[in-house]
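See below for work12.cif, which holds mmCIF, C-alpha atoms.
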data_upload
#
loop_
_atom_site.label_atom_id
_atom_site.label_comp_id
_atom_site.auth_asym_id
_atom_site.auth_seq_id
_atom_site.Cartn_x
_atom_site.Cartn_y
_atom_site.Cartn_z
CA MET A 1 -262.15 78.18 -82.99
CA THR A 2 -261.20 78.43 -86.66
CA TRP A 3 -257.76 79.22 -88.01
CA ARG A 4 -258.90 82.75 -88.90
CA ASP A 5 -260.20 83.37 -85.38
CA GLN A 6 -256.94 82.14 -83.83
CA LEU A 7 -254.92 84.45 -86.08
CA GLU A 8 -257.09 87.44 -85.19
CA VAL A 9 -256.63 86.75 -81.48
CA ARG A 10 -252.87 86.59 -81.89
CA VAL A 11 -252.77 89.80 -83.96
CA GLU A 12 -254.85 91.61 -81.31
CA ARG A 13 -252.32 90.53 -78.68
CA TRP A 14 -249.50 91.89 -80.84
CA ILE A 15 -251.32 95.22 -81.17
CA GLU A 16 -251.90 95.43 -77.40
CA ALA A 17 -248.23 94.64 -76.76
CA GLY A 18 -247.16 97.40 -79.16
CA LEU A 19 -245.39 95.03 -81.54
CA VAL A 20 -247.39 96.09 -84.61
CA ASP A 21 -249.79 98.90 -85.47
CA ALA A 22 -253.32 98.55 -86.86
CA LYS A 23 -252.29 98.94 -90.51
CA THR A 24 -249.57 96.32 -90.22
CA ALA A 25 -251.99 93.96 -88.49
CA GLU A 26 -254.49 94.38 -91.32
CA ARG A 27 -251.80 93.60 -93.91
CA ILE A 28 -250.82 90.48 -91.96
CA LEU A 29 -254.43 89.26 -91.96
CA GLN A 30 -254.80 89.94 -95.69
CA PHE A 31 -251.57 88.13 -96.52
CA GLU A 32 -252.40 85.05 -94.45
CA SER A 33 -255.93 84.90 -95.87
CA ALA A 34 -254.51 84.96 -99.41
CA GLN A 35 -252.10 82.17 -98.51
CA GLU A 36 -254.96 80.09 -97.14
CA ARG A 37 -257.04 80.60 -100.31
CA ARG A 38 -254.04 79.67 -102.48
CA ALA A 39 -253.53 76.48 -100.48
CA ALA A 40 -257.22 75.63 -100.85
CA LEU A 41 -257.01 76.11 -104.62
CA ARG A 42 -254.06 73.69 -104.82
CA TRP A 43 -256.16 70.73 -103.69
CA PRO A 44 -258.03 70.22 -107.00
CA VAL A 45 -254.73 70.37 -108.88
CA PHE A 46 -253.16 67.95 -106.42
CA LEU A 47 -256.00 65.45 -106.77
CA ALA A 48 -255.94 65.78 -110.57
CA MET A 49 -252.20 65.07 -110.62
CA VAL A 50 -252.52 62.06 -108.30
CA PHE A 51 -255.35 60.44 -110.25
CA GLY A 52 -253.77 61.40 -113.54
CA GLY A 53 -250.51 59.79 -112.54
CA ILE A 54 -252.29 56.59 -111.44
CA LEU A 55 -254.27 56.41 -114.69
CA PHE A 56 -251.17 57.15 -116.77
CA ALA A 57 -249.22 54.37 -115.05
CA ALA A 58 -252.16 51.97 -115.44
CA GLY A 59 -252.41 52.82 -119.14
CA ILE A 60 -248.71 52.12 -119.65
CA THR A 61 -249.07 48.81 -117.83
CA LEU A 62 -252.05 47.70 -119.91
CA PHE A 63 -250.38 48.74 -123.17
CA VAL A 64 -247.20 46.82 -122.38
CA ALA A 65 -249.14 43.76 -121.20
CA ALA A 66 -251.26 43.68 -124.36
CA HIS A 67 -248.26 43.71 -126.72
CA TRP A 68 -245.62 42.02 -124.56
CA SER A 69 -245.83 38.54 -126.11
CA ASP A 70 -245.55 39.94 -129.67
CA LEU A 71 -242.27 41.78 -129.02
CA SER A 72 -238.74 40.47 -129.35
CA PRO A 73 -236.38 40.67 -126.34
CA ALA A 74 -234.60 43.66 -127.87
CA MET A 75 -237.90 45.47 -128.45
CA ARG A 76 -239.04 44.67 -124.92
CA PHE A 77 -235.91 46.11 -123.36
CA SER A 78 -236.06 49.17 -125.62
CA LEU A 79 -239.68 49.73 -124.57
CA LEU A 80 -238.67 49.65 -120.91
CA LEU A 81 -235.95 52.25 -121.50
CA LEU A 82 -238.40 54.37 -123.51
CA MET A 83 -240.94 54.35 -120.67
CA LEU A 84 -238.34 55.51 -118.17
CA GLY A 85 -237.01 58.15 -120.53
CA VAL A 86 -240.41 59.59 -121.40
CA CYS A 87 -241.43 59.91 -117.76
CA HIS A 88 -238.25 61.54 -116.47
CA LEU A 89 -237.57 63.68 -119.53
CA GLY A 90 -241.16 64.88 -119.44
CA GLY A 91 -240.76 65.69 -115.77
CA ALA A 92 -237.56 67.64 -116.43
CA ALA A 93 -239.15 69.56 -119.32
CA SER A 94 -242.18 70.65 -117.27
CA ALA A 95 -240.28 71.50 -114.08
CA ALA A 96 -240.15 75.24 -114.70
CA ARG A 97 -243.66 75.82 -116.05
CA PHE A 98 -245.71 73.22 -114.17
CA PRO A 99 -243.94 71.84 -111.06
CA ALA A 100 -246.92 69.66 -110.07
CA LEU A 101 -246.86 67.85 -113.42
CA SER A 102 -243.09 67.46 -113.15
CA THR A 103 -243.40 65.88 -109.72
CA THR A 104 -246.09 63.50 -111.01
CA LEU A 105 -244.07 62.39 -114.04
CA HIS A 106 -240.93 61.84 -112.00
CA GLY A 107 -243.01 59.82 -109.50
CA VAL A 108 -244.42 57.67 -112.30
CA GLY A 109 -240.86 57.21 -113.55
CA THR A 110 -239.74 55.93 -110.16
CA VAL A 111 -242.66 53.50 -110.03
CA THR A 112 -241.92 52.42 -113.60
CA LEU A 113 -238.32 51.72 -112.60
CA GLY A 114 -239.50 48.85 -110.40
CA ALA A 115 -241.47 47.30 -113.24
CA ALA A 116 -238.51 47.79 -115.59
CA ILE A 117 -236.12 46.03 -113.20
CA PHE A 118 -238.26 42.92 -112.79
CA LEU A 119 -239.28 42.80 -116.46
CA ALA A 120 -235.64 43.12 -117.53
CA ALA A 121 -234.83 40.17 -115.28
CA GLN A 122 -237.59 38.22 -117.02
CA ILE A 123 -236.38 39.22 -120.49
CA PHE A 124 -232.83 38.01 -119.90
CA ASN A 125 -233.84 35.04 -117.67
CA LEU A 126 -231.87 36.29 -114.67
CA HIS A 127 -232.23 33.87 -111.74
CA GLU A 128 -231.35 36.31 -108.99
CA ASN A 129 -232.71 36.83 -105.50
CA TRP A 130 -235.91 38.87 -105.91
CA ALA A 131 -234.90 41.01 -102.95
CA THR A 132 -232.01 42.30 -105.07
CA GLY A 133 -234.54 43.74 -107.50
CA VAL A 134 -236.21 45.61 -104.64
CA LEU A 135 -232.76 46.88 -103.60
CA LEU A 136 -232.09 48.25 -107.09
CA TRP A 137 -235.50 49.90 -107.05
CA ALA A 138 -234.75 51.46 -103.67
CA ILE A 139 -231.40 52.75 -104.98
CA GLY A 140 -233.31 54.43 -107.80
CA ALA A 141 -235.63 56.03 -105.26
CA VAL A 142 -232.62 57.27 -103.26
CA ALA A 143 -231.18 58.85 -106.39
CA GLY A 144 -234.56 60.40 -107.22
CA TYR A 145 -234.90 61.95 -103.78
CA LEU A 146 -231.32 63.28 -103.72
CA LEU A 147 -231.81 64.92 -107.11
CA LEU A 148 -235.39 66.19 -106.80
CA ARG A 149 -236.14 66.45 -103.05
CA SER A 150 -239.86 66.00 -103.77
CA TRP A 151 -242.41 64.41 -101.47
CA VAL A 152 -243.22 61.71 -104.04
CA GLN A 153 -239.62 60.54 -104.10
CA ALA A 154 -239.54 60.69 -100.30
CA ALA A 155 -242.63 58.46 -100.17
CA ALA A 156 -241.08 55.96 -102.58
CA LEU A 157 -237.87 55.93 -100.56
CA ALA A 158 -239.74 55.50 -97.26
CA LEU A 159 -241.63 52.49 -98.64
CA LEU A 160 -238.93 50.78 -100.69
CA VAL A 161 -236.08 50.70 -98.17
CA PRO A 162 -238.16 48.84 -95.52
CA ALA A 163 -239.57 46.64 -98.29
CA TRP A 164 -236.03 45.66 -99.29
CA LEU A 165 -234.99 44.96 -95.70
CA ILE A 166 -238.08 42.81 -95.11
CA SER A 167 -237.71 40.90 -98.37
CA GLN A 168 -234.00 40.32 -97.80
CA TRP A 169 -234.63 39.09 -94.26
CA SER A 170 -237.46 36.84 -95.43
CA THR A 171 -235.32 35.16 -98.07
CA GLU A 172 -232.38 34.72 -95.71
CA THR A 173 -234.53 33.17 -92.96
CA GLU A 174 -237.04 31.27 -95.08
CA TRP A 175 -236.12 27.84 -93.69
CA HIS A 176 -235.26 28.95 -90.17
CA SER A 177 -237.17 30.05 -87.10
CA GLY A 178 -236.53 32.73 -84.53
CA GLY A 179 -236.50 35.85 -86.70
CA GLU A 180 -240.12 36.83 -86.23
CA ARG A 181 -239.63 39.00 -83.17
CA LEU A 182 -237.07 41.34 -84.68
CA LEU A 183 -239.12 41.67 -87.87
CA ALA A 184 -242.17 42.62 -85.79
CA VAL A 185 -240.24 45.14 -83.68
CA GLY A 186 -238.70 46.68 -86.80
CA LEU A 187 -242.13 47.16 -88.40
CA ILE A 188 -243.51 48.98 -85.36
CA LEU A 189 -240.44 51.17 -84.87
CA THR A 190 -240.34 52.19 -88.53
CA ALA A 191 -244.00 53.27 -88.46
CA LEU A 192 -243.43 55.23 -85.24
CA CYS A 193 -240.33 56.87 -86.69
CA TYR A 194 -242.27 58.07 -89.72
CA LEU A 195 -245.17 59.23 -87.55
CA SER A 196 -242.85 61.37 -85.40
CA ALA A 197 -241.06 63.02 -88.33
CA ARG A 198 -242.78 66.39 -87.84
CA ILE A 199 -241.62 68.49 -84.91
CA ALA A 200 -241.72 72.20 -84.15
CA GLY A 201 -239.90 74.17 -86.84
CA GLN A 202 -239.69 71.21 -89.24
CA GLU A 203 -242.69 71.27 -91.56
CA SER A 204 -241.37 70.27 -95.00
CA ALA A 205 -243.46 68.36 -97.54
CA SER A 206 -241.24 65.30 -97.17
CA ARG A 207 -241.80 65.22 -93.41
CA ARG A 208 -245.55 65.58 -93.88
CA THR A 209 -245.42 62.67 -96.29
CA LEU A 210 -243.61 60.53 -93.73
CA VAL A 211 -246.22 61.44 -91.11
CA TRP A 212 -249.02 60.36 -93.44
CA ILE A 213 -247.29 57.06 -94.16
CA GLY A 214 -246.62 56.45 -90.48
CA GLY A 215 -250.16 57.39 -89.47
CA ILE A 216 -251.72 55.06 -92.03
CA ALA A 217 -249.30 52.21 -91.30
CA LEU A 218 -248.96 52.29 -87.50
CA LEU A 219 -252.08 50.44 -86.37
CA PRO A 220 -251.88 47.83 -89.20
CA CYS A 221 -248.17 47.34 -88.49
CA VAL A 222 -248.87 46.67 -84.80
CA ALA A 223 -251.59 44.16 -85.73
CA ILE A 224 -249.37 42.47 -88.35
CA ALA A 225 -246.43 42.33 -85.95
CA ILE A 226 -248.50 40.64 -83.25
CA ALA A 227 -249.98 38.23 -85.80
CA ILE A 228 -246.51 37.33 -87.14
CA VAL A 229 -245.26 36.45 -83.69
CA ILE A 230 -248.38 34.58 -82.57
CA ASP A 231 -248.68 32.56 -85.80
CA ASN A 232 -245.05 31.44 -85.61
CA VAL A 233 -244.98 30.58 -81.91
CA PRO A 234 -246.44 27.06 -82.18
CA GLU A 235 -244.22 26.08 -85.10
CA SER A 236 -240.96 27.76 -84.18
CA TYR A 237 -240.79 27.71 -80.41
CA VAL A 238 -242.88 24.70 -79.43
CA ALA A 239 -242.79 22.16 -82.23
CA GLY A 240 -239.27 23.02 -83.35
CA GLN A 241 -239.91 22.12 -86.98
CA ASN A 242 -237.35 24.56 -88.42
CA PRO A 243 -233.73 24.98 -87.30
CA PRO A 244 -233.06 28.19 -85.33
CA LEU A 245 -231.10 31.08 -86.74
CA SER A 246 -227.44 31.44 -85.85
CA SER A 247 -226.45 33.91 -83.16
CA VAL A 248 -224.52 36.01 -85.70
CA THR A 249 -227.55 36.32 -88.00
CA LEU A 250 -229.79 37.25 -85.07
CA ALA A 251 -227.28 39.85 -83.85
CA VAL A 252 -227.13 41.48 -87.28
CA GLY A 253 -230.92 41.36 -87.61
CA TRP A 254 -231.55 42.92 -84.21
CA THR A 255 -228.96 45.62 -84.90
CA VAL A 256 -230.70 46.64 -88.12
CA ALA A 257 -234.23 46.33 -86.70
CA LEU A 258 -233.42 48.55 -83.72
CA LEU A 259 -230.73 50.93 -84.91
CA ALA A 260 -232.01 51.76 -88.40
CA PRO A 261 -235.30 53.38 -87.19
CA LEU A 262 -233.55 55.02 -84.24
CA VAL A 263 -230.77 56.50 -86.38
CA LEU A 264 -233.39 57.83 -88.81
CA ALA A 265 -235.33 59.26 -85.86
CA TRP A 266 -232.15 61.00 -84.63
CA PHE A 267 -231.60 62.43 -88.12
CA LEU A 268 -235.19 63.71 -88.27
CA ARG A 269 -235.71 64.77 -84.66
CA GLY A 270 -232.29 65.36 -83.12
CA PRO A 271 -232.21 65.08 -79.31
CA ALA A 272 -235.99 64.64 -79.26
CA ALA A 273 -235.37 61.10 -80.56
CA TRP A 274 -235.14 59.89 -76.94
CA MET A 275 -238.88 59.32 -77.18
CA ASN A 276 -238.26 56.86 -80.00
CA VAL A 277 -235.90 54.96 -77.71
CA VAL A 278 -238.75 54.66 -75.20
CA CYS A 279 -240.94 53.42 -78.06
CA ALA A 280 -238.32 50.78 -78.90
CA ALA A 281 -238.44 49.43 -75.34
CA TRP A 282 -242.26 49.35 -75.46
CA ALA A 283 -242.30 47.61 -78.84
CA TYR A 284 -239.91 44.91 -77.63
CA ALA A 285 -241.98 44.31 -74.49
CA LEU A 286 -245.16 44.14 -76.58
CA ILE A 287 -243.75 41.54 -78.98
CA LEU A 288 -242.32 39.55 -76.09
CA ALA A 289 -245.74 39.46 -74.41
CA ALA A 290 -247.38 38.45 -77.71
CA SER A 291 -244.99 35.54 -78.17
CA TYR A 292 -245.50 34.29 -74.61
CA SER A 293 -249.28 34.66 -74.77
CA ARG A 294 -249.53 31.68 -77.16
CA SER A 295 -246.49 29.65 -76.11
CA PHE A 296 -248.08 27.94 -73.09
CA GLY A 297 -249.80 24.60 -73.30
CA PRO A 298 -253.46 23.83 -72.44
CA HIS A 299 -252.52 22.93 -68.85
CA GLU A 300 -250.81 26.28 -68.26
CA TYR A 301 -253.96 28.39 -68.29
CA HIS A 302 -252.88 30.88 -65.63
CA GLN A 303 -249.54 31.63 -67.29
CA SER A 304 -251.23 32.11 -70.65
CA LEU A 305 -253.86 34.39 -69.09
CA LEU A 306 -251.20 36.55 -67.44
CA ALA A 307 -249.29 36.85 -70.71
CA THR A 308 -252.50 37.80 -72.56
CA LEU A 309 -253.35 40.43 -69.94
CA ALA A 310 -249.81 41.79 -70.20
CA LEU A 311 -250.21 42.02 -73.99
CA TYR A 312 -253.42 44.05 -73.81
CA ALA A 313 -252.06 46.16 -70.95
CA LEU A 314 -249.05 47.06 -73.08
CA LEU A 315 -251.36 47.95 -75.97
CA ALA A 316 -253.31 50.27 -73.66
CA ILE A 317 -250.09 51.77 -72.29
CA GLY A 318 -248.82 52.35 -75.82
CA SER A 319 -252.07 54.06 -76.83
CA ALA A 320 -251.99 56.29 -73.76
CA GLY A 321 -248.32 57.03 -74.37
CA LEU A 322 -249.10 58.07 -77.94
CA VAL A 323 -251.75 60.49 -76.62
CA VAL A 324 -249.29 61.96 -74.11
CA TRP A 325 -246.63 62.22 -76.83
CA GLY A 326 -249.07 64.08 -79.05
CA LEU A 327 -249.96 66.51 -76.25
CA TYR A 328 -246.29 67.04 -75.38
CA GLU A 329 -245.26 67.86 -78.95
CA LYS A 330 -248.67 69.30 -79.95
CA ARG A 331 -249.33 66.79 -82.73
CA LYS A 332 -253.00 66.04 -83.40
CA GLU A 333 -252.38 62.92 -85.49
CA ARG A 334 -250.66 61.14 -82.60
CA LEU A 335 -253.44 62.05 -80.21
CA ASN A 336 -256.10 60.74 -82.62
CA LEU A 337 -254.17 57.54 -83.31
CA GLY A 338 -253.64 56.94 -79.61
CA ILE A 339 -257.36 57.18 -78.88
CA ALA A 340 -258.19 54.97 -81.88
CA GLY A 341 -255.60 52.43 -80.75
CA PHE A 342 -257.05 52.33 -77.25
CA ALA A 343 -260.57 51.75 -78.59
CA ILE A 344 -259.38 48.94 -80.88
CA SER A 345 -257.42 47.34 -78.04
CA VAL A 346 -260.51 47.30 -75.81
CA LEU A 347 -262.62 45.73 -78.57
CA PHE A 348 -260.05 43.02 -79.30
CA PHE A 349 -259.68 42.29 -75.59
CA TYR A 350 -263.44 41.82 -75.35
CA PHE A 351 -263.53 39.51 -78.39
CA ASP A 352 -260.52 37.54 -77.22
CA SER A 353 -261.34 37.14 -73.53
CA PHE A 354 -265.06 37.54 -72.88
CA MET A 355 -267.27 37.21 -75.94
CA GLY A 356 -266.81 33.44 -76.29
CA LYS A 357 -267.74 32.88 -72.63
CA LEU A 358 -271.11 34.68 -72.86
CA GLY A 359 -274.34 33.82 -74.57
CA ARG A 360 -275.04 35.13 -78.04
CA SER A 361 -277.57 37.79 -77.02
CA ALA A 362 -275.65 38.85 -73.92
CA SER A 363 -272.38 39.18 -75.84
CA LEU A 364 -273.99 41.32 -78.54
CA LEU A 365 -275.81 43.47 -75.98
CA ILE A 366 -272.64 44.13 -74.01
CA LEU A 367 -270.72 44.81 -77.22
CA GLY A 368 -273.33 47.37 -78.32
CA VAL A 369 -273.27 49.14 -74.94
CA LEU A 370 -269.47 49.07 -74.98
CA CYS A 371 -269.32 50.64 -78.45
CA LEU A 372 -271.92 53.32 -77.71
CA LEU A 373 -270.74 54.30 -74.25
CA GLY A 374 -267.06 53.86 -75.03
CA GLY A 375 -267.33 55.83 -78.25
CA TYR A 376 -269.07 58.69 -76.44
CA VAL A 377 -266.48 58.80 -73.63
CA LEU A 378 -263.54 58.62 -76.04
CA GLU A 379 -264.93 61.35 -78.29
CA ILE A 380 -265.55 63.68 -75.34
CA THR A 381 -262.04 62.97 -74.08
CA ARG A 382 -260.57 63.59 -77.53
CA ARG A 383 -262.34 66.94 -77.85
CA LYS A 384 -261.14 68.07 -74.42
CA LEU A 385 -257.58 67.08 -75.22
CA MET A 386 -257.75 68.84 -78.59
CA ALA A 387 -259.03 72.01 -76.92
CA ARG A 388 -256.26 71.78 -74.32
CA MET A 389 -253.70 71.41 -77.08
CA GLU A 390 -255.05 74.43 -78.96
CA MET A 391 -255.01 76.57 -75.82
CA SER A 392 -251.36 75.70 -75.15
CA ARG A 393 -250.13 76.68 -78.63
#
Now that the file is in, can you turn its structure into structure tokens?
Amino acid sequence: MTWRDQLEVRVERWIEAGLVDAKTAERILQFESAQERRAALRWPVFLAMVFGGILFAAGITLFVAAHWSDLSPAMRFSLLLLMLGVCHLGGAASAARFPALSTTLHGVGTVTLGAAIFLAAQIFNLHENWATGVLLWAIGAVAGYLLLRSWVQAAALALLVPAWLISQWSTETEWHSGGERLLAVGLILTALCYLSARIAGQESASRRTLVWIGGIALLPCVAIAIAIVIDNVPESYVAGQNPPLSSVTLAVGWTVALLAPLVLAWFLRGPAAWMNVVCAAWAYALILAASYSRSFGPHEYHQSLLATLALYALLAIGSAGLVVWGLYEKRKERLNLGIAGFAISVLFFYFDSFMGKLGRSASLLILGVLCLLGGYVLEITRRKLMARMEMSR
């Protein structure tokens, strides 16, 4: 059922209930159809602004790189200030007549700020922690969002603040072990927090941007988090090559990794953030199972097998929970991601546990049947769940 059909059904119910008359219903349909056409016409402009902004930023980068070695330090710094000024002043000048161009130029200015910070450090030979440069960039993004409230600034803020936290933690714990788990949990919780930003009655452009970022980042973040923990288990927990982190550092790290995404979720979702607390418990259990799955020696096969099964079981539970969460709050992106996550978990479980124990032809045959049959079952299930969600709206 298309959007137009759904609207017509609702308007017919309003007419039958005596809420509106036929003329009012016709005006409602005409107004909503015009809004839909206007939204469709915005897509070409949106794509033109996105690609134009990327090409403009690339052109600035190439121009500066081509002439950088020929410029004096004073000219280099002046060029950096000029780039920032042109972008933001151009955005301010076009705000009234062409808001899309204004948003693009301000976004390019925020991106240029990062390059200006690190190039200025190079010009004046500043030997500072590189994470501090990311912090300054994130502060610029905070200022941009507070002043403009645009989705581009929200995207920059959503990416730069976690980037600063990760870079700061990485530099502080470079020669120590034991900080991998909290980094992994923080990655997963941040992606889930962004994914759950949209709830009923809250449909701003900034929230939609967060949902896109969370949807794109969730599955890679889960894979990266598991890889971080597994890759560091033999070195950190078994071999003991690096000294462990102090209890104070770990306490601060865990506080930030857990509370920062949960506080943001409370700010975005209010009381509905209790679901994010459940996600935090699941993420911690998942990372704990991942670390134990590779921490046993070759003579502890049964313990390692149980830990591996627990890891894949938690992945399946998380995928199913994401589907249920999407049905509960009527969010299609969570339902689709949950089904995709379940399919990927099954494939990785097959590669990790069974494929190496079978012959080449048998393993490929079973994998083909698994993909075909599993894909069919998951798609049918997804369509039924989507239809159920639409009927309950």
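Note that CA of Val324 (chain A) and CA of Trp212 (chain A) are 19.4 Å apart.
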Separation of CA of Val86 (chain A) from CA of Gly59 (chain A), in Å and rounded to one decimal: 14.0 Å
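Only residues having an atom at most 10 Å from (-230.4, 37.7, -92.3) are included; using only C-alpha atoms, these are Leu165, Ile166, Gln168, Trp169, Ser170, Thr171, Glu172, Thr173, Glu174, Gly179, Leu245, Ser246, Val248, Thr249, Leu250, Ala251, Val252, Gly253, Trp254 and Val256 of chain A.
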Picked residues, the PyMOL selection byres ((chain A and resi 335) around 9), as a PyMOL selection string: chain A and resi 319-320+322-327+330-334+336-340+382+385-386
Ser167 (chain A) surroundings by all atoms listed in the file, 10 Å radius, close-in-sequence under 6 positions cut, as an MDAnalysis selection string: chainID A and resid 129:132 134:135 161 173
Within 9 Å of Leu311 (chain A) using all atoms listed in the file, minus same-chain residues under 5 positions, as a ChimeraX atom specification: /A:285-290,293,306,316
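Across the structure, CA of Cys193 (chain A) and CA of Asn276 (chain A) are spaced 7.0 Å apart.
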Who sits within 7 Å of Val229 (chain A), all atoms listed in the file, same chain under 6 positions skipped, as number ranges by chain: A: 180-181, 290-291
What are the closest atom pairs, with distances in Å to one decimal, for each residue of region 104-180 of chain A lying within 12 Å of region 64-82 of chain A, using all atoms listed in the file, rows by chain and rising residue number, as CSV?
residue,atom,partner,partner_atom,distance
A:Gly109,CA,A:Leu81,CA,10.6
A:Thr112,CA,A:Leu80,CA,8.5
A:Leu113,CA,A:Leu80,CA,8.6
A:Gly114,CA,A:Leu80,CA,10.6
A:Ala115,CA,A:Leu80,CA,8.5
A:Ala116,CA,A:Leu80,CA,5.6
A:Ile117,CA,A:Leu80,CA,8.9
A:Phe118,CA,A:Leu80,CA,10.6
A:Leu119,CA,A:Leu80,CA,8.2
A:Ala120,CA,A:Phe77,CA,6.6
A:Ala121,CA,A:Phe77,CA,10.1
A:Gln122,CA,A:Pro73,CA,9.7
A:Ile123,CA,A:Pro73,CA,6.0
A:Phe124,CA,A:Pro73,CA,7.8
A:Asn125,CA,A:Pro73,CA,10.6
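Using only C-alpha atoms, the shortest contact distance between Glu203 (chain A) and any of A:Leu365, A:Ile226, A:Ala143, A:Leu268 is found at A:Leu268.
The smallest atom-to-atom distance between Ala272 (chain A) and any of A:Ser196, A:Thr103, A:Gln30, A:Ser247, using only C-alpha atoms, is found for A:Ser196.
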Padding 3 Å on each side, edges along x, y and z: where is the centre of the box around the listed atoms of region 114-132 of chain A, and how long are its edges in Å to one decimal? Output it as JSON.
{"center_x": -236.4, "center_y": 41.4, "center_z": -111.7, "size_x": 16.1, "size_y": 21.0, "size_z": 23.5}
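Distance check against Gly215 (chain A) using all atoms listed in the file: of A:Gly341, A:Leu84, A:Gly144, A:Ala260, the minimum falls on A:Gly341.
For the set A:Ala223, A:Ala191, A:Val377, A:Ala257, the residue with the smallest atom-to-atom gap to Phe348 (chain A) is A:Ala223, counting all atoms listed in the file.
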